[in-house]
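Colleague: Take this structure, written in structure tokens, and hold onto it; I'll ask about it next.
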Amino acid sequence: MKLGIISICIFLITNSFAQSDPKWDNTKIEKWPKECKKVIITSTLDEEKQSAIFCSSTSENRPLIVSLHTWSGNYEQKDELVAECIEKDYNYIHPDFRGPNKTYKACGSKYVIQDIEDAIAFAIENGKVDINNIHVVGTSGGGYATLLTYMNTNCPVKTFSAWVPISDLKKWYYESEGRGTKYSFDIVSATVKDADFDKEKYYLCEEEAMARSPFYMHTPVEKRKNSKLYIYAGIHDGYEGSVPISQSLTFYNKVVADFDTLEKKSMIPQKDIIEMLASRSYVTAIKDTIANRLIHYQKTYKDLVKLTIFEGKHECLTSVALNQVDGAKVLTIGDSNGAKEYGWVNQLKKIHFDDFIYNTSISGNTIGFNNLDQKRLNTLLNIDRYMDEADKKLNGLDKVVIMLGTNDCKAIFEKRKKEIPYNMNKLLKKIKAHSVYIKYKPQIFVISPPPCGEDHVMKEKYHGSSKRVKWLIPKLKTVTELNDCKYIDIYMTLSPQWSSLAKDGIHPEEEGQIIMSKMIDEQMK
């Protein structure tokens, strides 16, 4: 009887260990889809042969997904992302970069960084890659490798997605020692040279651990101004998982500070970090979701860095892990309300972080007048340049969003107000005749100008604008629809509350810009 109980216990324990790896961290050898093949890549650093799993798209100029294995995995590790890559006809590579993170040449070494670089170069040479559409993604140890790539790569990577990453090996060593996990031993195995390593009396080489930690590297801000970094962590990680969320929170703050040492609003306050670590939650009135999981906390820095703390453990939400690949490419054209740091365009960037928005808004801009005798403030004269620049910057175009008309309604243009709808008609036709439009067929959205205040609150140059804008609204709508473009009316909804939103009658403060952006977003959907 006792033997039977012991056998059952052994079976349950063994089975528990067999099932312990989640889908995204199954380190067993994968039977890869027929579209994939094993390839050998020679390191350009030490000429060692490195294996990878590779799949080329069937069509030209398709995205490349660089999927990085976890801490204890290697290139053969099962990858939940490969099926989606094949289904969507993406190029895909799953490199080894020296295998599990427990040897000196692995674990964030210069060899690892070069191996990932070499893998990207191999995929570009042997696949059908759009070199402006490269995406690096990894979880846990793969998230760590993703952050390393963010800090070091010279390749034009578009997005980096790090799920439950390690950013500070030195700190994680002590965290792992305190939790009694195997990872502290892995770290010393990797950071102490073989000749000096003693399994019985091991120690951490702090200098080497810091040298291999993204947290202590300087962010290459100039190289990353056209990239996006996503950091994801489950709120319970560290308690029910091996990597405390502080590894993600502090790294986010580090990168934001590297971009702008004076930035405060986008930073995570220390009190928020303490609350999340202590309570495994965060109290806020409004909470969104990701993959049907509650989002406890979210921060963004411009359209460059985004942190998401979700209801979960040490895991990757594979159903959304590649969502950023198909972000829209958008050209926005506006005036001062679109050019402001807190203006409607930058508010849209926050709402649609996945999108790549090229903003040409400039204070004083018009549809078709040389405002202040400046040709640069006449969109009709600059639209060809805007379209060319957007294509060069974004490598394609999905949407053109225009909000103009306020400056066309200034007092100085009173006698020419009838030209305004005709100028919009010319502008829309000129956009549709441009080679970039012909190639990509982007949607065109024309947003009504917002209301203007009464004369007594506005500068003299805007006197009478309230009536002229009101006169213009239906005419812009007609012109837009005649050109088969989408018209978005924000004027009617904003009019009753405009005096409280725009104290000077023209420029809403941040609250008003947020309201405008949400209205635009809803109607664009």
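In the structure tokens, chains take the letters A, B, ... in the order shown, each chain's residues start at 1, and ligands count up from 1 in the order shown.
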At a cut-off of 9 Å, using only C-alpha atoms, what residues contact segment 71-84 of chain A? Leave out same-chain residues fewer than 2 positions from it and give the result as a PyMOL selection string.

Modeller: chain A and resi 23-33+36+51-53+55+67-69+86-90+92-102+107+139-142+144+183+318-319+321-322

Colleague: Can you check which parts of segment 372-413 of chain A lie within 12 Å of segment 488-509 of chain A? Per residue, the shortest pair of atoms and distance in Å to one decimal, counting only C-alpha atoms, sorted by chain and number, as a Markdown table.

Modeller:
| residue | atom | partner | partner_atom | distance |
| --- | --- | --- | --- | --- |
| A:Val401 | CA | A:Ile488 | CA | 10.0 |
| A:Ile402 | CA | A:Ile488 | CA | 9.9 |
| A:Met403 | CA | A:Ile488 | CA | 9.5 |
| A:Gly405 | CA | A:Ile506 | CA | 11.7 |
| A:Thr406 | CA | A:Ile506 | CA | 8.2 |
| A:Asn407 | CA | A:Ile506 | CA | 9.8 |
| A:Cys409 | CA | A:Ile506 | CA | 11.6 |
| A:Lys410 | CA | A:Ile506 | CA | 11.1 |

Colleague: Can you spit out the residues from that selection as a compact mmCIF listing (two decimals), in the first residue's frame, using C-alpha atoms?

Modeller:
# COMPACT_ATOMS: atom_id res chain seq x y z
CA VAL A 401 -4.89 63.03 -41.80
CA ILE A 402 -5.48 66.76 -42.36
CA MET A 403 -6.71 69.35 -39.87
CA GLY A 405 -8.57 75.91 -41.88
CA THR A 406 -8.22 77.99 -38.73
CA ASN A 407 -5.45 80.19 -40.13
CA CYS A 409 -10.03 82.13 -41.60
CA LYS A 410 -7.86 84.90 -40.14

Colleague: Using backbone DSSP assignments, extract all strand (DSSP E or B) residues from segment 110-224 of chain A; output them as number ranges by chain.

Modeller: A: 129-139, 157-163

Colleague: Kindly export the residues of the current selection with N, CA, C and O atoms, as a compact mmCIF listing (two decimals), in the first residue's frame.

Modeller:
# COMPACT_ATOMS: atom_id res chain seq x y z
N VAL A 129 13.18 40.23 -47.33
CA VAL A 129 12.94 41.12 -46.19
C VAL A 129 12.81 42.57 -46.61
O VAL A 129 13.60 43.08 -47.39
N ASP A 130 11.79 43.22 -46.05
CA ASP A 130 11.71 44.67 -46.08
C ASP A 130 12.62 45.16 -44.96
O ASP A 130 12.29 45.02 -43.78
N ILE A 131 13.76 45.73 -45.31
CA ILE A 131 14.76 46.07 -44.28
C ILE A 131 14.28 47.18 -43.36
O ILE A 131 14.90 47.43 -42.32
N ASN A 132 13.20 47.83 -43.71
CA ASN A 132 12.62 48.85 -42.83
C ASN A 132 11.51 48.28 -41.96
O ASN A 132 10.77 49.04 -41.31
N ASN A 133 11.39 46.97 -41.94
CA ASN A 133 10.30 46.33 -41.21
C ASN A 133 10.82 45.10 -40.45
O ASN A 133 10.34 44.00 -40.63
N ILE A 134 11.81 45.36 -39.58
CA ILE A 134 12.44 44.30 -38.80
C ILE A 134 11.99 44.42 -37.35
O ILE A 134 11.98 45.51 -36.78
N HIS A 135 11.62 43.29 -36.76
CA HIS A 135 11.06 43.29 -35.40
C HIS A 135 11.75 42.23 -34.55
O HIS A 135 11.82 41.06 -34.95
N VAL A 136 12.27 42.64 -33.40
CA VAL A 136 12.94 41.73 -32.47
C VAL A 136 12.00 41.49 -31.28
O VAL A 136 11.48 42.44 -30.69
N VAL A 137 11.81 40.22 -30.92
CA VAL A 137 10.91 39.89 -29.82
C VAL A 137 11.49 38.74 -29.01
O VAL A 137 12.10 37.82 -29.56
N GLY A 138 11.32 38.81 -27.69
CA GLY A 138 11.81 37.74 -26.84
C GLY A 138 11.18 37.81 -25.46
O GLY A 138 10.71 38.86 -25.03
N THR A 139 11.18 36.67 -24.77
CA THR A 139 10.56 36.55 -23.46
C THR A 139 11.58 36.05 -22.44
O THR A 139 12.37 35.14 -22.74
N VAL A 157 16.22 48.24 -36.86
CA VAL A 157 15.09 47.51 -36.28
C VAL A 157 13.94 48.48 -35.98
O VAL A 157 14.14 49.54 -35.40
N LYS A 158 12.75 48.09 -36.37
CA LYS A 158 11.58 48.96 -36.22
C LYS A 158 10.97 48.86 -34.83
O LYS A 158 10.63 49.88 -34.22
N THR A 159 10.82 47.64 -34.32
CA THR A 159 10.28 47.47 -32.97
C THR A 159 11.07 46.42 -32.20
O THR A 159 11.56 45.44 -32.77
N PHE A 160 11.15 46.65 -30.91
CA PHE A 160 11.76 45.71 -29.97
C PHE A 160 10.69 45.40 -28.92
O PHE A 160 10.17 46.32 -28.27
N SER A 161 10.36 44.11 -28.73
CA SER A 161 9.34 43.73 -27.75
C SER A 161 9.96 42.79 -26.72
O SER A 161 10.28 41.64 -27.03
N ALA A 162 10.11 43.30 -25.51
CA ALA A 162 10.74 42.53 -24.43
C ALA A 162 9.69 42.15 -23.41
O ALA A 162 9.11 43.02 -22.75
N TRP A 163 9.43 40.86 -23.30
CA TRP A 163 8.44 40.34 -22.34
C TRP A 163 9.16 39.82 -21.10
O TRP A 163 10.11 39.03 -21.22

Colleague: So the first atom is atom CA of Ile333 of chain A and the second is atom CA of Asn359 of chain A; what is the distance between them in Å, to one decimal place?

Modeller: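 Value for the atom CA of Ile333 of chain A-atom CA of Asn359 of chain A distance: 6.4 Å.
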
Colleague: Using only C-alpha atoms, which of A:Gln523, A:Asp455, A:Val446, A:Val283 sits nearest Thr478 of chain A?

Modeller: A:Val446

Colleague: Using only C-alpha atoms, which of the listed residues (A:Leu277, A:Ile357, A:Met267, A:Ile286) sits closest to Asn226 of chain A?

Modeller: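 Closest residue, counting only C-alpha atoms: A:Ile357.
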
Colleague: Go through A:Lys417, A:Thr300, A:Ile231, A:Leu348 one by one, measure the shortest atom-to-atom distance of each to Lys264 of chain A using only C-alpha atoms, and give the residue with the smallest value.

Modeller: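 Checking each of A:Lys417, A:Thr300, A:Ile231, A:Leu348 against Lys264 of chain A, counting only C-alpha atoms, the winner is A:Thr300.
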
Colleague: Considering only C-alpha atoms, state which residue in the set A:Asn425, A:Ser517, A:Thr366, A:Thr308 is at the smallest distance from Gly343 of chain A.

Modeller: A:Ser517

Colleague: Extract the full set of helix (DSSP H, G or I) residues from segment 204-401 of chain A according to DSSP on the backbone, and format it as a ChimeraX atom specification.

Modeller: /A:206-211,214-216,246-259,270-279,323-326,336-339,344-351,371-373,375-377,379-394

Colleague: Excluding same-chain residues fewer than 3 positions from Ile367 of chain A, what lies within 12 Å of it counting only C-alpha atoms, as number ranges by chain?

Modeller: A: 333-335, 361-362, 364, 370-371, 375-383, 402-409, 417, 419-428, 446, 449, 476

Colleague: Atoms to include: C-alpha atoms. Write the selected residues as a PDB file, in the first residue's frame.

Modeller:
ATOM      1  CA  ILE A 333      -0.853  67.752 -41.655  1.00  0.00           C
ATOM      2  CA  GLY A 334      -1.944  70.510 -39.312  1.00  0.00           C
ATOM      3  CA  ASP A 335      -1.270  73.866 -37.713  1.00  0.00           C
ATOM      4  CA  SER A 361       2.088  70.239 -38.529  1.00  0.00           C
ATOM      5  CA  ILE A 362       3.507  73.731 -38.184  1.00  0.00           C
ATOM      6  CA  GLY A 364       0.485  79.188 -38.765  1.00  0.00           C
ATOM      7  CA  ASN A 370       1.002  82.297 -47.830  1.00  0.00           C
ATOM      8  CA  ASN A 371       0.308  83.132 -44.212  1.00  0.00           C
ATOM      9  CA  LYS A 375       5.340  79.870 -48.551  1.00  0.00           C
ATOM     10  CA  ARG A 376       6.265  77.258 -45.966  1.00  0.00           C
ATOM     11  CA  LEU A 377       2.867  77.925 -44.322  1.00  0.00           C
ATOM     12  CA  ASN A 378       0.974  77.090 -47.520  1.00  0.00           C
ATOM     13  CA  THR A 379       0.193  73.352 -47.618  1.00  0.00           C
ATOM     14  CA  LEU A 380      -0.689  73.442 -51.308  1.00  0.00           C
ATOM     15  CA  LEU A 381       2.869  74.532 -52.053  1.00  0.00           C
ATOM     16  CA  ASN A 382       4.423  71.933 -49.748  1.00  0.00           C
ATOM     17  CA  ILE A 383       2.233  68.853 -50.112  1.00  0.00           C
ATOM     18  CA  ILE A 402      -5.483  66.755 -42.364  1.00  0.00           C
ATOM     19  CA  MET A 403      -6.713  69.346 -39.873  1.00  0.00           C
ATOM     20  CA  LEU A 404      -6.416  72.823 -41.376  1.00  0.00           C
ATOM     21  CA  GLY A 405      -8.567  75.912 -41.885  1.00  0.00           C
ATOM     22  CA  THR A 406      -8.224  77.995 -38.730  1.00  0.00           C
ATOM     23  CA  ASN A 407      -5.448  80.188 -40.133  1.00  0.00           C
ATOM     24  CA  ASP A 408      -7.209  80.423 -43.521  1.00  0.00           C
ATOM     25  CA  CYS A 409     -10.033  82.133 -41.600  1.00  0.00           C
ATOM     26  CA  LYS A 417     -12.556  83.190 -47.770  1.00  0.00           C
ATOM     27  CA  GLU A 419     -11.023  80.414 -52.020  1.00  0.00           C
ATOM     28  CA  ILE A 420     -10.665  78.162 -48.963  1.00  0.00           C
ATOM     29  CA  PRO A 421     -12.926  75.262 -50.064  1.00  0.00           C
ATOM     30  CA  TYR A 422     -11.475  75.494 -53.582  1.00  0.00           C
ATOM     31  CA  ASN A 423      -7.979  75.259 -52.130  1.00  0.00           C
ATOM     32  CA  MET A 424      -8.987  72.162 -50.172  1.00  0.00           C
ATOM     33  CA  ASN A 425     -10.335  70.646 -53.376  1.00  0.00           C
ATOM     34  CA  LYS A 426      -6.993  71.356 -55.088  1.00  0.00           C
ATOM     35  CA  LEU A 427      -5.109  69.907 -52.154  1.00  0.00           C
ATOM     36  CA  LEU A 428      -7.024  66.634 -52.156  1.00  0.00           C
ATOM     37  CA  VAL A 446     -10.154  65.643 -43.485  1.00  0.00           C
ATOM     38  CA  PRO A 449     -11.168  72.920 -37.972  1.00  0.00           C
ATOM     39  CA  LEU A 476     -15.260  71.475 -46.393  1.00  0.00           C
TER      40      LEU A 476
END
